[in-house]
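**Student:** See model14.txt below, with compact mmCIF, C-alpha atoms.
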# COMPACT_ATOMS: atom_id res chain seq x y z
CA VAL A 1 2.64 -25.11 150.26
CA ILE A 2 5.97 -23.49 151.00
CA THR A 3 5.83 -19.72 150.71
CA GLU A 4 7.91 -17.62 148.35
CA GLU A 5 9.67 -16.02 151.30
CA THR A 6 10.76 -19.42 152.66
CA VAL A 7 11.90 -20.63 149.25
CA MET A 8 13.97 -17.45 148.86
CA THR A 9 15.56 -18.02 152.27
CA ILE A 10 16.45 -21.59 151.28
CA PHE A 11 17.81 -20.29 147.98
CA VAL A 12 20.04 -17.72 149.69
CA GLU A 13 21.30 -20.41 152.10
CA ALA A 14 22.02 -22.73 149.16
CA ASN A 15 24.64 -20.28 147.88
CA PRO A 16 27.67 -22.56 147.31
CA ALA A 17 30.10 -19.72 148.03
CA PRO A 18 28.41 -17.29 150.42
CA ASP A 19 31.56 -15.50 151.54
CA VAL A 20 34.31 -15.16 148.97
CA ASP A 21 36.71 -13.80 151.57
CA GLU A 22 36.61 -17.15 153.31
CA LEU A 23 37.42 -19.15 150.19
CA ASP A 24 40.59 -21.17 150.56
CA LEU A 25 42.34 -19.68 147.53
CA VAL A 26 45.99 -19.23 146.82
CA GLN A 27 46.10 -16.08 144.72
CA THR A 28 49.30 -15.59 142.79
CA GLY A 29 50.50 -12.21 141.58
CA SER A 30 48.99 -10.82 138.39
CA ALA A 31 52.17 -11.39 136.36
CA ALA A 32 52.35 -15.01 137.43
CA TYR A 33 48.67 -15.45 136.70
CA LEU A 34 49.10 -14.02 133.21
CA ALA A 35 51.94 -16.48 132.68
CA THR A 36 49.59 -19.28 133.78
CA LEU A 37 46.98 -18.07 131.31
CA GLU A 38 49.54 -18.25 128.53
CA THR A 39 50.34 -21.85 129.22
CA ARG A 40 46.84 -23.14 129.94
CA SER A 41 44.81 -21.51 127.20
CA SER A 42 45.06 -22.71 123.66
CA GLU A 43 43.44 -19.44 122.62
CA MET A 44 46.41 -17.59 124.01
CA THR A 45 48.12 -18.24 120.69
CA GLN A 46 45.92 -15.47 119.30
CA LEU A 47 47.44 -12.95 121.68
CA ASP A 48 49.72 -10.39 120.18
CA THR A 49 53.15 -11.57 121.25
CA ARG A 50 55.16 -9.50 118.79
CA SER A 51 57.81 -7.13 119.97
CA GLU A 52 57.05 -3.42 120.15
CA ASP A 53 59.26 -2.83 117.08
CA GLN A 54 57.31 -5.33 115.03
CA LYS A 55 54.04 -3.77 116.12
CA GLU A 56 55.30 -0.34 115.10
CA LYS A 57 56.12 -1.58 111.59
CA ASN A 58 52.72 -3.07 111.02
CA THR A 59 50.42 -0.44 112.46
CA TYR A 60 49.34 0.84 109.05
CA TRP A 61 47.51 -2.40 108.20
CA PRO A 62 44.41 -1.75 110.33
CA TRP A 63 44.11 1.75 108.85
CA LEU A 64 44.44 0.40 105.34
CA ALA A 65 41.80 -2.25 106.02
CA ALA A 66 39.45 0.36 107.52
CA ALA A 67 39.93 2.65 104.51
CA MET A 68 39.17 -0.21 102.12
CA ILE A 69 36.00 -1.08 104.04
CA ILE A 70 34.84 2.54 103.91
CA VAL A 71 35.45 2.69 100.15
CA LEU A 72 33.59 -0.59 99.57
CA VAL A 73 30.63 0.45 101.73
CA GLY A 74 30.47 3.82 99.94
CA LEU A 75 30.53 2.08 96.59
CA ALA A 76 27.75 -0.27 97.65
CA VAL A 77 25.59 2.64 98.84
CA VAL A 78 26.09 4.51 95.55
CA LEU A 79 25.23 1.41 93.51
CA LEU A 80 22.11 0.72 95.57
CA ASN A 81 20.89 4.29 95.17
CA GLN A 82 21.33 4.19 91.41
CA GLY A 83 18.48 1.72 90.94
CA ASP A 84 14.81 2.49 91.32
CA ASP A 85 13.69 3.95 94.60
CA ALA A 86 11.24 1.16 95.37
CA PRO A 87 11.91 -0.60 98.68
CA VAL A 88 13.84 -3.82 98.30
CA ALA A 89 11.95 -6.98 99.34
CA GLY A 90 12.78 -7.98 102.90
CA GLN A 91 14.31 -4.56 103.59
CA THR A 92 11.22 -3.00 105.19
CA SER A 93 12.23 -1.07 108.29
CA PRO A 94 11.10 -2.36 111.71
CA GLU A 95 8.90 0.70 112.34
CA GLU A 96 7.18 0.23 108.97
CA VAL A 97 6.48 -3.43 109.79
CA LEU A 98 5.03 -2.38 113.15
CA ALA A 99 2.91 0.36 111.57
CA ASP A 100 1.56 -2.07 108.94
CA TYR A 101 0.84 -4.64 111.64
CA VAL A 102 -1.14 -2.07 113.66
CA ALA A 103 -3.00 -1.04 110.49
CA ALA A 104 -4.04 -4.69 110.03
CA ILE A 105 -5.27 -4.76 113.63
CA ASN A 106 -7.21 -1.54 113.15
CA SER A 107 -8.92 -2.97 110.09
CA GLY A 108 -9.96 -6.04 112.11
CA ASP A 109 -7.93 -8.37 109.89
CA VAL A 110 -6.63 -11.28 112.02
CA ASP A 111 -5.15 -13.10 109.03
CA GLY A 112 -3.48 -9.88 107.90
CA ALA A 113 -2.05 -9.26 111.38
CA MET A 114 -0.74 -12.85 111.55
CA GLU A 115 1.14 -12.32 108.28
CA PHE A 116 3.52 -10.08 110.21
CA TYR A 117 4.63 -12.79 112.66
CA ALA A 118 7.48 -15.19 111.99
CA GLU A 119 6.63 -18.89 112.35
CA ASP A 120 8.56 -19.19 115.62
CA ALA A 121 7.66 -15.76 117.00
CA VAL A 122 7.17 -15.28 120.73
CA VAL A 123 4.85 -12.84 122.49
CA GLU A 124 5.85 -12.32 126.10
CA ASN A 125 4.35 -10.83 129.23
CA VAL A 126 0.70 -11.38 128.44
CA PRO A 127 -0.51 -12.65 131.85
CA TRP A 128 -4.13 -12.80 130.72
CA PHE A 129 -3.24 -15.37 128.05
CA ASP A 130 -2.03 -18.34 130.10
CA ASP A 131 0.02 -19.30 133.18
CA ASP A 132 3.44 -18.29 131.95
CA GLY A 133 2.12 -15.31 129.99
CA ILE A 134 3.95 -16.39 126.84
CA ALA A 135 2.51 -17.21 123.44
CA THR A 136 4.91 -19.18 121.26
CA GLY A 137 4.47 -19.87 117.56
CA THR A 138 1.77 -18.70 115.21
CA ALA A 139 -0.95 -21.05 116.54
CA GLU A 140 -0.72 -19.66 120.08
CA ILE A 141 -0.26 -16.11 118.87
CA ARG A 142 -3.36 -16.43 116.67
CA ALA A 143 -5.34 -17.56 119.72
CA LEU A 144 -4.01 -14.52 121.59
CA GLU A 145 -4.83 -12.17 118.72
CA GLU A 146 -8.34 -13.59 118.46
CA GLN A 147 -8.86 -12.87 122.17
CA SER A 148 -7.64 -9.32 121.61
CA PHE A 149 -9.91 -8.86 118.61
CA ALA A 150 -12.87 -10.13 120.61
CA PHE A 151 -12.08 -7.54 123.27
CA GLN A 152 -11.55 -4.76 120.75
CA GLY A 153 -14.90 -3.65 119.39
CA SER A 154 -15.36 -2.94 115.72
CA GLY A 155 -15.29 0.80 116.34
CA ASP A 156 -12.13 0.74 118.43
CA GLY A 157 -8.60 1.34 117.31
CA VAL A 158 -4.97 1.39 118.39
CA GLU A 159 -2.65 4.33 117.90
CA LEU A 160 1.13 4.03 118.03
CA ILE A 161 2.90 6.64 120.14
CA ASP A 162 6.47 7.30 121.29
CA MET A 163 8.22 4.95 118.87
CA VAL A 164 11.96 4.58 119.42
CA VAL A 165 13.94 2.42 117.00
CA SER A 166 17.18 0.76 118.00
CA GLY A 167 18.59 -1.62 115.41
CA ASN A 168 15.84 -4.09 114.61
CA THR A 169 13.93 -3.41 117.82
CA VAL A 170 11.17 -0.85 118.23
CA THR A 171 10.10 0.33 121.68
CA PHE A 172 6.71 1.98 121.69
CA SER A 173 3.52 2.69 123.55
CA THR A 174 -0.05 2.52 122.32
CA ARG A 175 -3.24 4.38 123.03
CA PHE A 176 -6.58 2.70 122.55
CA PHE A 177 -9.32 4.90 121.19
CA ARG A 178 -12.93 4.69 120.23
CA ARG A 179 -13.42 6.11 116.79
CA GLY A 180 -15.08 9.49 116.86
CA ALA A 181 -14.64 9.84 120.62
CA GLU A 182 -12.64 12.56 122.33
CA ALA A 183 -8.96 11.61 122.39
CA ASP A 184 -8.66 12.11 126.16
CA SER A 185 -11.58 9.86 127.02
CA SER A 186 -10.02 6.91 125.28
CA VAL A 187 -10.50 4.10 127.76
CA ILE A 188 -12.02 0.99 126.32
CA GLN A 189 -13.51 -1.42 128.81
CA GLY A 190 -11.01 -0.35 131.47
CA CYS A 191 -7.97 -0.51 129.18
CA SER A 192 -6.30 2.68 127.98
CA GLY A 193 -3.37 1.26 126.02
CA SER A 194 0.08 -0.14 126.59
CA LYS A 195 3.43 1.28 127.64
CA ASP A 196 7.03 0.47 126.64
CA ASP A 197 6.15 -2.52 124.50
CA GLN A 198 8.96 -3.87 122.34
CA VAL A 199 8.95 -5.70 119.04
CA THR A 200 11.93 -7.24 117.32
CA VAL A 201 11.73 -7.53 113.56
CA GLU A 202 13.86 -9.82 111.44
CA ASP A 203 13.50 -10.17 107.67
CA GLY A 204 10.28 -8.14 107.73
CA LYS A 205 8.62 -10.35 110.35
CA ILE A 206 8.00 -9.85 114.05
CA THR A 207 10.06 -12.46 115.90
CA ARG A 208 9.50 -11.17 119.43
CA TYR A 209 6.85 -8.97 121.00
CA VAL A 210 7.31 -8.12 124.67
CA HIS A 211 4.56 -6.20 126.42
CA GLY A 212 5.99 -3.53 128.71
CA PRO A 213 5.93 -4.15 132.46
CA GLU A 214 3.50 -1.30 132.95
CA SER A 215 1.11 -2.33 130.20
CA GLU A 216 -0.68 -4.57 132.67
CA ILE A 217 -1.31 -1.58 134.94
CA LEU A 218 -2.94 0.38 132.11
CA CYS A 219 -5.35 -2.50 131.64
CA LEU A 220 -5.82 -3.40 135.28
CA ASP A 221 -9.57 -2.73 135.36
CA TRP A 222 -10.06 -4.90 132.33
CA LEU A 223 -7.87 -7.67 133.75
CA ASN A 224 -9.76 -7.55 137.06
CA SER A 225 -13.07 -7.83 135.24
CA ARG A 226 -11.77 -10.88 133.33
CA LEU A 227 -10.44 -12.52 136.47
CA ALA A 228 -13.58 -11.84 138.51
CA PRO A 229 -15.59 -14.99 139.39
CA GLY A 230 -18.30 -15.83 136.92
CA THR A 231 -16.76 -13.90 134.01
CA MET B 1 55.46 -2.93 133.20
CA THR B 2 53.23 -1.49 130.50
CA SER B 3 50.10 0.50 131.32
CA SER B 4 48.03 -2.52 130.22
CA ASP B 5 49.91 -4.71 132.71
CA VAL B 6 49.19 -2.21 135.47
CA ARG B 7 45.49 -2.07 134.58
CA PHE B 8 45.28 -5.86 134.46
CA ALA B 9 47.07 -6.13 137.82
CA GLU B 10 44.53 -3.74 139.38
CA ILE B 11 41.56 -5.65 138.01
CA TYR B 12 43.01 -9.02 138.94
CA GLU B 13 43.98 -8.01 142.50
CA THR B 14 40.64 -6.29 143.17
CA PHE B 15 38.15 -8.67 141.63
CA PHE B 16 39.73 -12.12 141.49
CA ARG B 17 37.99 -13.45 144.59
CA ARG B 18 34.58 -12.09 143.67
CA LEU B 19 34.82 -13.43 140.13
CA TYR B 20 35.99 -16.77 141.49
CA GLY B 21 32.97 -16.86 143.82
CA TYR B 22 30.66 -16.00 140.91
CA CYS B 23 32.05 -18.89 138.85
CA LEU B 24 32.04 -21.26 141.81
CA ARG B 25 28.29 -20.65 142.16
CA ARG B 26 27.62 -21.59 138.55
CA ALA B 27 30.26 -23.85 137.06
CA THR B 28 31.02 -27.48 137.84
CA ALA B 29 33.89 -27.77 140.31
CA ASP B 30 36.31 -29.08 137.68
CA ARG B 31 35.65 -26.11 135.38
CA VAL B 32 35.75 -23.13 137.77
CA ASP B 33 39.46 -22.42 137.25
CA ASP B 34 39.03 -22.59 133.47
CA VAL B 35 36.09 -20.20 133.42
CA VAL B 36 37.91 -17.71 135.66
CA ALA B 37 41.03 -17.98 133.50
CA GLU B 38 39.06 -17.55 130.28
CA THR B 39 37.34 -14.48 131.69
CA PHE B 40 40.61 -12.87 132.75
CA LEU B 41 42.13 -13.77 129.41
CA ILE B 42 39.36 -11.85 127.63
CA ALA B 43 39.81 -8.97 130.08
CA TRP B 44 43.51 -8.91 129.25
CA ARG B 45 42.87 -8.91 125.52
CA ARG B 46 40.24 -6.21 125.79
CA ILE B 47 41.86 -4.27 128.60
CA ASP B 48 40.92 -0.92 127.00
CA ASP B 49 37.23 -1.90 127.05
CA VAL B 50 37.16 -2.79 130.74
CA PRO B 51 35.44 0.03 132.66
CA THR B 52 37.34 1.67 135.47
CA GLY B 53 36.54 1.37 139.19
CA ASP B 54 33.74 -0.79 140.50
CA GLU B 55 32.08 -0.91 137.10
CA ALA B 56 34.71 -3.43 136.05
CA LEU B 57 33.00 -6.11 138.15
CA PRO B 58 29.67 -6.17 136.24
CA TRP B 59 31.74 -6.18 133.05
CA LEU B 60 33.66 -9.24 134.27
CA TYR B 61 30.40 -10.94 135.34
CA ALA B 62 28.96 -10.30 131.86
CA VAL B 63 32.01 -11.89 130.23
CA ALA B 64 31.96 -14.86 132.63
CA PHE B 65 28.24 -15.34 131.94
CA LYS B 66 29.02 -15.67 128.21
CA VAL B 67 31.95 -18.01 128.89
CA LEU B 68 29.66 -20.14 131.06
CA GLY B 69 27.09 -20.08 128.25
CA ASN B 70 29.61 -21.73 125.95
CA GLN B 71 30.36 -24.29 128.64
CA TRP B 72 26.68 -25.06 129.18
CA ARG B 73 26.12 -25.52 125.48
CA SER B 74 28.97 -28.04 125.23
CA GLN B 75 27.67 -29.78 128.38
CA THR B 76 24.25 -30.06 126.77
CA ARG B 77 25.83 -31.67 123.73
CA GLN B 78 27.76 -34.03 126.01
CA ARG B 79 24.60 -34.90 127.94
CA LYS B 80 22.82 -35.76 124.70
CA LEU B 81 25.74 -37.99 123.72
CA GLU B 82 25.62 -39.68 127.12
CA ASP B 83 21.90 -40.28 126.70
CA LYS B 84 22.59 -41.96 123.37
CA LEU B 85 25.36 -44.07 124.93
CA SER B 86 23.06 -45.08 127.76
CA ALA B 87 20.45 -46.13 125.23
CA VAL B 88 22.87 -48.68 123.78
CA GLY B 89 23.95 -49.95 127.20
CA ILE B 90 27.14 -47.92 127.66
CA THR B 91 27.27 -46.05 130.95
CA PRO B 92 29.49 -42.96 130.85
CA VAL B 93 31.74 -42.10 133.75
CA SER B 94 29.76 -39.90 136.13
CA SER B 95 30.79 -36.27 136.27
CA PRO B 96 31.91 -34.57 139.51
CA GLU B 97 29.26 -33.08 141.81
CA ASP B 98 27.96 -29.82 140.41
CA PHE B 99 27.72 -28.07 143.73
CA ILE B 100 28.49 -28.61 147.34
CA ILE B 101 25.04 -29.66 148.45
CA LYS B 102 24.35 -28.45 151.95
CA GLY B 103 21.30 -30.58 152.52
CA GLN B 104 18.10 -31.83 150.99
CA GLU B 105 16.46 -28.38 150.90
CA SER B 106 19.46 -26.78 149.19
CA GLY B 107 19.66 -29.59 146.67
CA GLN B 108 15.98 -29.25 145.97
CA VAL B 109 16.06 -25.47 145.53
CA LEU B 110 19.06 -25.76 143.19
CA GLN B 111 17.21 -28.40 141.21
CA ALA B 112 14.17 -26.11 141.07
CA VAL B 113 16.23 -23.13 139.91
CA SER B 114 17.83 -25.22 137.17
CA ARG B 115 14.35 -25.66 135.67
CA LEU B 116 13.93 -21.91 135.08
CA LYS B 117 14.95 -20.07 131.93
CA ARG B 118 18.67 -19.41 131.96
CA THR B 119 18.32 -15.63 132.11
CA ASP B 120 15.86 -15.93 134.98
CA GLN B 121 18.28 -18.22 136.84
CA GLU B 122 20.99 -15.63 136.33
CA ILE B 123 18.83 -12.71 137.48
CA LEU B 124 17.92 -14.60 140.66
CA LYS B 125 21.51 -15.55 141.41
CA LEU B 126 22.85 -12.07 140.71
CA ALA B 127 20.20 -10.48 142.91
CA MET B 128 20.21 -13.01 145.76
CA TRP B 129 23.74 -14.44 145.78
CA GLU B 130 25.94 -11.67 144.41
CA GLU B 131 23.56 -8.97 145.71
CA VAL B 132 24.06 -7.00 142.51
CA SER B 133 21.88 -3.90 142.01
CA HIS B 134 19.18 -3.87 139.34
CA ALA B 135 21.19 -1.25 137.45
CA ASP B 136 24.21 -3.56 137.29
CA ILE B 137 22.03 -6.51 136.25
CA THR B 138 20.91 -4.47 133.25
CA LEU B 139 24.59 -3.98 132.34
CA ILE B 140 25.46 -7.65 132.80
CA LEU B 141 22.54 -9.13 130.92
CA GLY B 142 21.86 -6.30 128.49
CA VAL B 143 18.16 -6.01 129.34
CA SER B 144 16.15 -2.94 130.29
CA PRO B 145 15.70 -1.94 133.97
CA GLY B 146 11.95 -2.54 133.65
CA ALA B 147 12.56 -6.02 132.30
CA VAL B 148 14.91 -6.85 135.20
CA LYS B 149 12.24 -5.91 137.74
CA GLN B 150 9.56 -7.83 135.89
CA ARG B 151 11.68 -10.94 135.30
CA LEU B 152 12.94 -11.02 138.88
CA TYR B 153 9.34 -10.92 140.07
CA GLU B 154 8.40 -13.75 137.73
CA ALA B 155 11.54 -15.77 138.50
CA ARG B 156 10.74 -15.69 142.22
CA LYS B 157 7.20 -16.88 141.53
CA ASN B 158 8.37 -19.59 139.15
CA LEU B 159 11.08 -20.80 141.54
CA THR B 160 8.51 -21.10 144.33
CA ARG B 161 6.18 -23.04 142.04
CA GLU B 162 8.97 -25.42 140.90
CA TYR B 163 10.17 -25.92 144.46
CA ASN B 164 6.68 -26.82 145.63
CA ARG B 165 6.26 -29.18 142.69
CA LEU B 166 9.46 -31.01 143.66
CA GLU B 167 8.42 -30.98 147.31
CA ASN B 168 5.06 -32.60 146.50
CA LYS B 169 6.83 -35.20 144.38
CA ARG B 170 9.25 -35.93 147.22
CA ILE B 171 6.48 -36.25 149.81
CA LYS B 172 4.59 -38.66 147.59
CA SER B 173 7.67 -40.80 146.85
CA PRO B 174 7.75 -44.26 148.51
CA ALA B 175 11.00 -43.45 150.30
CA ALA B 176 9.49 -40.36 151.90
CA ARG B 177 6.38 -42.26 152.97
CA LYS B 178 8.55 -44.82 154.76
CA GLY B 179 10.23 -41.96 156.59
CA GLY B 180 13.43 -41.99 154.57
CA GLY B 181 12.72 -38.84 152.66
CA GLN B 182 16.38 -37.88 152.16
Would you write the structure of this file as structure tokens?
**Tutor:**
Amino acid sequence: VITEETVMTIFVEANPAPDVDELDLVQTGSAAYLATLETRSSEMTQLDTRSEDQKEKNTYWPWLAAAMIIVLVGLAVVLLNQGDDAPVAGQTSPEEVLADYVAAINSGDVDGAMEFYAEDAVVENVPWFDDDGIATGTAEIRALEEQSFAFQGSGDGVELIDMVVSGNTVTFSTRFFRRGAEADSSVIQGCSGSKDDQVTVEDGKITRYVHGPESEILCLDWLNSRLAPGT
Amino acid sequence: MTSSDVRFAEIYETFFRRLYGYCLRRATADRVDDVVAETFLIAWRRIDDVPTGDEALPWLYAVAFKVLGNQWRSQTRQRKLEDKLSAVGITPVSSPEDFIIKGQESGQVLQAVSRLKRTDQEILKLAMWEEVSHADITLILGVSPGAVKQRLYEARKNLTREYNRLENKRIKSPAARKGGGQ
């Protein structure tokens, strides 16, 4: 077996261009190079080749377009708000989806939890699951969830903390707790929670769930007990 | 010269060689010039978006990575077409060598790296070939610093595993057993 260190050395030596200063390149001036770009790229036709005068005459168009977009967006917002206040189907926010998913977990409902995953969802960085630590598709994710449920006792729960939403992605941490126990003594079988996990939600479904790099550390005792011989 | 021309000249003069090296390490030999040109073309069009100073280089790498992505996708389509042609007895003209292979070990490690996920390949190359910092890798690939560290760790492990798999296959091949392992 060739060690990682040796493979890395071979990889560094396989660099096809280790020293760019030694490359046999004839570098033209920037103006000449730009001229070359014009002739070689078909996309160059999209470049603005108008004279400065022409540009000056047409500068109001972008502003007009921007103003029209603002008016249309405003109109759409007003129209949407005129209807009932019930959430529109498929418009559930990512943090709401995550909260509902965690509620399903806390109620011990595997089927309910699985409802929140898209068919082709991926759960990443779960080294205790299999070799590559990735569960792909609902069948694999169900197997992963069932393992988690088996680990999580009926009296245990998960609490969401530090949620940060960016677009359709939620970054968050969790704290595991035993119901009725003191909050600070919340370590279940050597696992205290997770840190900097991320879920991506599209059309109300979780499409990607990445466990944070440090989540493994929070569950190290549990992982060690699982990996110990005879367990 | 306009201010845009001056900015472009600075970027071109400072980073041309390094960008060329980056593309040379990833593109097929017949496409390197095109990828470099496409990247500089985008830089020219978006000259106001290009960061100043050394931060322009990760920006250029990020653009080149996307340009290469388009190239790889069209190559994949071409490969599928070639497979279909082969199936009906038509052999396509072979493409030029992808890389300058320095020996059996280099060829094998490049083959092993090509089996990794594309982002993992890129993280390894950026870290080991371009010697780019983790902070700059986050800018180039748009992933979190924690994810870079984690994926680099996994990519190294996976590359070692793939390399050893190829090595075992090579040792067990009839040619290697006869002593003609190359």
**Student:** At a cut-off of 6 Å, using only C-alpha atoms, what residues contact stretch 13-27 of chain A? Leave out same-chain residues fewer than 4 positions from it and give the result as number ranges by chain.
**Tutor:** B: 17, 21, 25, 106
**Student:** Excluding B:Lys157 and its own-chain neighbours fewer than 6 positions away, which residues fall within 12 Å of it when counting only C-alpha atoms? Please give them as a PDB file with C-alpha atoms, in the frame of the given file.
**Tutor:**
ATOM      1  CA  ILE A   2       5.970 -23.490 151.000  1.00  0.00           C
ATOM      2  CA  THR A   3       5.830 -19.720 150.710  1.00  0.00           C
ATOM      3  CA  GLU A   4       7.910 -17.620 148.350  1.00  0.00           C
ATOM      4  CA  GLU A   5       9.670 -16.020 151.300  1.00  0.00           C
ATOM      5  CA  THR A   6      10.760 -19.420 152.660  1.00  0.00           C
ATOM      6  CA  VAL A   7      11.900 -20.630 149.250  1.00  0.00           C
ATOM      7  CA  MET A   8      13.970 -17.450 148.860  1.00  0.00           C
ATOM      8  CA  ASP A 131       0.020 -19.300 133.180  1.00  0.00           C
ATOM      9  CA  ASP A 132       3.440 -18.290 131.950  1.00  0.00           C
TER      10      ASP A 132
ATOM     11  CA  ALA B 112      14.170 -26.110 141.070  1.00  0.00           C
ATOM     12  CA  VAL B 113      16.230 -23.130 139.910  1.00  0.00           C
ATOM     13  CA  LEU B 116      13.930 -21.910 135.080  1.00  0.00           C
ATOM     14  CA  ASP B 120      15.860 -15.930 134.980  1.00  0.00           C
ATOM     15  CA  LEU B 124      17.920 -14.600 140.660  1.00  0.00           C
ATOM     16  CA  GLN B 150       9.560  -7.830 135.890  1.00  0.00           C
ATOM     17  CA  ARG B 151      11.680 -10.940 135.300  1.00  0.00           C
ATOM     18  CA  TYR B 163      10.170 -25.920 144.460  1.00  0.00           C
ATOM     19  CA  ASN B 164       6.680 -26.820 145.630  1.00  0.00           C
TER      20      ASN B 164
END
**Student:** Can you check which residues of chain B have any atom within 8 Å of chain A? Use all atoms listed in the file and format it as number ranges by chain.
**Tutor:** B: 5, 8-9, 12-13, 17-18, 20-21, 24-25, 37-38, 41, 45, 99-102, 105-107, 109-110, 128-129, 146-147, 150, 156-157, 159-160, 163-164
**Student:** List the neighbours of B:Pro51 out to 12 Å using all atoms listed in the file; skip same-chain residues closer than 2 positions along the sequence, and give me the result as a list in words.
**Tutor:** Arg7, Phe8, Glu10, Ile11, Ala43, Arg46, Ile47, Asp48, Asp49, Gly53, Asp54, Glu55, Ala56, Leu57, Pro58, Trp59, Leu60 and Leu139 of chain B
**Student:** Grab the atom CA of A:Lys205 to atom CA of A:Glu115 distance for me, in Å with one decimal place.
**Tutor:**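 Here the two named atoms are 8.0 Å from each other.
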**Student:** Which residues come within 10 Å of B:Leu141, counting all atoms listed in the file, excluding same-chain residues fewer than 2 positions away, as a PyMOL selection string?
**Tutor:** chain B and resi 58-59+61-63+65-66+119+122-123+136-139+143-144+148
**Student:** When you draw a straight line from atom CA of A:Thr136 to atom CA of A:Ile206, how long is it in Å?
**Tutor:**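 Value for the atom CA of A:Thr136-atom CA of A:Ile206 distance: 12.2 Å.
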**Student:** Expressed in Å to a single decimal, how great is the separation between atom CA of A:Thr169 and atom CA of A:Glu95?
**Tutor:**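 Atom CA of A:Thr169 sits 8.5 Å away from atom CA of A:Glu95.
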**Student:** Just need the box for stretch 3-11 of chain B, edges along x, y and z, holding every atom the file lists for it with 5 Å tacked onto each side, so centre and edge lengths in Å to one decimal, as AutoDock Vina command-line options.
**Tutor:**
--center_x 45.8 --center_y -2.8 --center_z 134.8 --size_x 18.5 --size_y 16.6 --size_z 19.2
